[in-house]
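K.L.:
This is the structure, below, for whatever I ask next.
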Amino acid sequence: MKLEIDQQRLLSELETLATFSDAEPPAVTRIVFTPTDLKARAWLIARCEEAGLAVRQDAIGNIFARWSGADKAAPAVGTGSHIDAIPNAGKYDGVVGVLGGLEAIRALRRSGFRPKNSIELLVFATEEPTRFSIGCLGSRLLSGTDRDGESVDEVRRKAGLNGNLQDVKLAKGYYKAFLELHIEQGPLLERAQISLGIVTSIAAPASLHISIEGAGGHAGGVLMPDRRDALCAAAELILAIENAARSSAAADTVATVGECDVFPGAVNSIPSRVRMTLDIRDTDQARRDGVMKAIERTSQRISSKRKVSIQWELVNADAPADCAAEVRAALADSCRADGFPFLEMVSRAYHDSLFISRIAPMGMLFIPCRSGYSHRPDEYAAPEDIARGALVLAESLAKLSA
Ligand SMILES: [Zn+2]
């Protein structure tokens, strides 16, 4: 079997898809179910049909494009990613995995390969949290792990998607394996000058809202022994959070306070209230939970010492996922057969594949992106890296579906 990726065509499709955008080029803005996104989806469906794939959409707008295998009853081998883009993003995030996956399937068809298991391209709906404040909604529903929201229901119906959201969930065993090709969104591959990364596990975030109530007052009138300054308590807590992550047993633990609102926010007024967010991630759930517990204990100490109240609200806590040994092996064998060096690495960002791992053995293949930049207009992946990723993806799909 001789597999050839049509690099020219793949790149021109990447450029075309980038023109479906609500931002000035090179920026790309493509919020799910906007008129622009609906045009992009229609264009993509036409490309899948042109490639001879049978296309269906589910009630949340996940697109499935299937190449039926010899054994139609056997579970499919899936690949795919997303095409929605946050405001002022780039051309490659998600799109490389969708168009790279499509080209991988076309290359397999051109080669004369006949799969035993069906091969399916899956385009996840609403990966980015821009519209519904929660990421990976499509894959959460596929894996049966999320509540549905009324706002979601209204918006998707306006986009022509009816049907029951309960029916979106895929049966366990629907996929024999699932692979996602994606840009790294970090600098490690570029730094190592290695053009392929095989993901070992996907880190997952827990996010929390923290609110601190102290007592306000005049910046001149209230003397220091009488103060219950909410911002001073917040400062102490933020450093404790940093320290807890730094002193974790593994470098995979990261914690970030990215938002901090101070009330009333006046130069001559003691802060009476602070609201802040905490994002804490790890590849190991027990370790992440342990660090959260340690932070909570410190926060109780700060609260009693400074006589402020500190409230925690857990917004979301997803479990991290390990990539499946058989999928990693298929990727590694393909790289070795081609003589491509690869790096084994953790995915620090999370992806639809995190949720698919709950219903199928999952793996991810990374390609470098310049300076590790992503979610910005100057996001860039080199043509040869994109083509190489699509080739290894095609070879791995062949191995898993033979
Ligand atoms: Zn992505």
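Convention: chains lettered A, B, ... in structure tokens order; per-chain residue numbering from 1; ligands numbered from 1 as shown.
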Which residues are near ligand 1 - at most 7 Å, using only C-alpha atoms and all ligand atoms? Format: as a ChimeraX atom specification.
P.N.:
/A:81-82,93-94,182,351
K.L.:
Pull all heavy atoms from the residues just selected and write them as a short mmCIF file (atom, residue, chain, number, x, y, z; two decimals), in the first residue's frame.
P.N.:
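Generated file (result14.cif):
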```cif
data_model
loop_
_atom_site.label_atom_id
_atom_site.label_comp_id
_atom_site.auth_asym_id
_atom_site.auth_seq_id
_atom_site.Cartn_x
_atom_site.Cartn_y
_atom_site.Cartn_z
N SER A 81 -11.68 16.33 14.71
CA SER A 81 -11.40 17.44 15.63
C SER A 81 -12.52 18.47 15.41
O SER A 81 -13.63 18.07 15.06
CB SER A 81 -9.99 17.99 15.36
OG SER A 81 -9.55 18.81 16.40
N HIS A 82 -12.22 19.74 15.56
CA HIS A 82 -13.29 20.74 15.48
C HIS A 82 -12.93 21.84 14.50
O HIS A 82 -11.76 22.05 14.19
CB HIS A 82 -13.52 21.36 16.87
CG HIS A 82 -12.30 22.07 17.40
ND1 HIS A 82 -12.15 23.44 17.33
CD2 HIS A 82 -11.15 21.61 17.96
CE1 HIS A 82 -10.98 23.78 17.85
NE2 HIS A 82 -10.35 22.69 18.25
N ASP A 93 -5.88 25.49 14.62
CA ASP A 93 -6.43 24.80 15.79
C ASP A 93 -7.69 24.03 15.36
O ASP A 93 -8.62 24.63 14.84
CB ASP A 93 -6.76 25.83 16.88
CG ASP A 93 -7.45 25.22 18.09
OD1 ASP A 93 -7.49 23.98 18.21
OD2 ASP A 93 -7.96 26.00 18.92
N GLY A 94 -7.70 22.72 15.57
CA GLY A 94 -8.86 21.91 15.22
C GLY A 94 -8.92 21.57 13.74
O GLY A 94 -9.02 20.40 13.36
N HIS A 182 -3.70 17.14 15.92
CA HIS A 182 -3.89 18.50 16.41
C HIS A 182 -2.55 19.21 16.46
O HIS A 182 -1.52 18.57 16.61
CB HIS A 182 -4.51 18.45 17.82
CG HIS A 182 -5.32 19.66 18.17
ND1 HIS A 182 -4.75 20.84 18.56
CD2 HIS A 182 -6.65 19.88 18.19
CE1 HIS A 182 -5.70 21.74 18.80
NE2 HIS A 182 -6.88 21.18 18.58
N HIS A 351 -9.01 18.52 24.96
CA HIS A 351 -9.57 18.37 23.62
C HIS A 351 -10.79 17.46 23.70
O HIS A 351 -11.02 16.80 24.71
CB HIS A 351 -8.52 17.71 22.71
CG HIS A 351 -7.26 18.49 22.60
ND1 HIS A 351 -7.12 19.56 21.74
CD2 HIS A 351 -6.08 18.39 23.26
CE1 HIS A 351 -5.91 20.07 21.86
NE2 HIS A 351 -5.26 19.39 22.78
#
```
K.L.:
Name the residues in contact with range 4-13 of chain A at a cut-off of 9 Å, using only C-alpha atoms, excluding same-chain residues fewer than 2 positions from it; report them as a PyMOL selection string.
P.N.:
chain A and resi 2+15-18+99-100+102-104+106-108+110-111+383-384+386-388+390-391+394
K.L.:
Go ahead and save the residues from that selection, with C-alpha atoms, as a short mmCIF file (atom, residue, chain, number, x, y, z; two decimals), in the first residue's frame.
P.N.:
```cif
data_model
loop_
_atom_site.label_atom_id
_atom_site.label_comp_id
_atom_site.auth_asym_id
_atom_site.auth_seq_id
_atom_site.Cartn_x
_atom_site.Cartn_y
_atom_site.Cartn_z
CA LYS A 2 1.55 3.29 -1.10
CA GLU A 15 -6.86 28.39 3.25
CA THR A 16 -10.42 28.11 1.95
CA LEU A 17 -11.82 27.14 5.35
CA ALA A 18 -10.01 30.16 6.87
CA LEU A 99 -8.99 18.48 7.04
CA GLY A 100 -5.92 16.32 7.80
CA LEU A 102 -10.30 13.97 5.56
CA GLU A 103 -7.14 13.93 3.44
CA ALA A 104 -5.90 10.83 5.33
CA ARG A 106 -8.88 10.21 0.77
CA ALA A 107 -5.26 8.98 0.63
CA LEU A 108 -6.34 5.56 1.91
CA ARG A 110 -6.71 6.39 -3.50
CA SER A 111 -4.24 3.70 -2.41
CA PRO A 383 2.97 22.56 5.37
CA GLU A 384 5.38 19.64 5.60
CA ILE A 386 0.75 19.08 8.43
CA ALA A 387 1.28 16.61 5.58
CA ARG A 388 3.48 14.38 7.75
CA ALA A 390 -1.86 13.43 7.95
CA LEU A 391 0.33 10.63 6.60
CA ALA A 394 -3.64 7.63 7.57
#
```
K.L.:
Ranking A:Gln300, A:Ala255, A:Val222, A:Tyr373 by minimum distance to Ser269 in chain A and counting only C-alpha atoms, which one comes first?
P.N.:
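For Ser269 in chain A, the nearest of the candidates is A:Val222.
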K.L.:
Could you write out, as an NGL selection string, all the residues of range 98-347 of chain A that DSSP marks as alpha helix (DSSP H)?
P.N.:
:A and (98-111 or 137-142 or 150-158 or 188-192 or 230-246 or 285-306 or 325-338)
K.L.:
Find the spatial neighbours of Met362 in chain A, counting only C-alpha atoms, within a cut-off of 12 Å - ignore same-chain residues fewer than 2 positions away - and output them as number ranges by chain.
P.N.:
A: 77-80, 175-181, 198-202, 321-331, 351-360, 364-365, 400
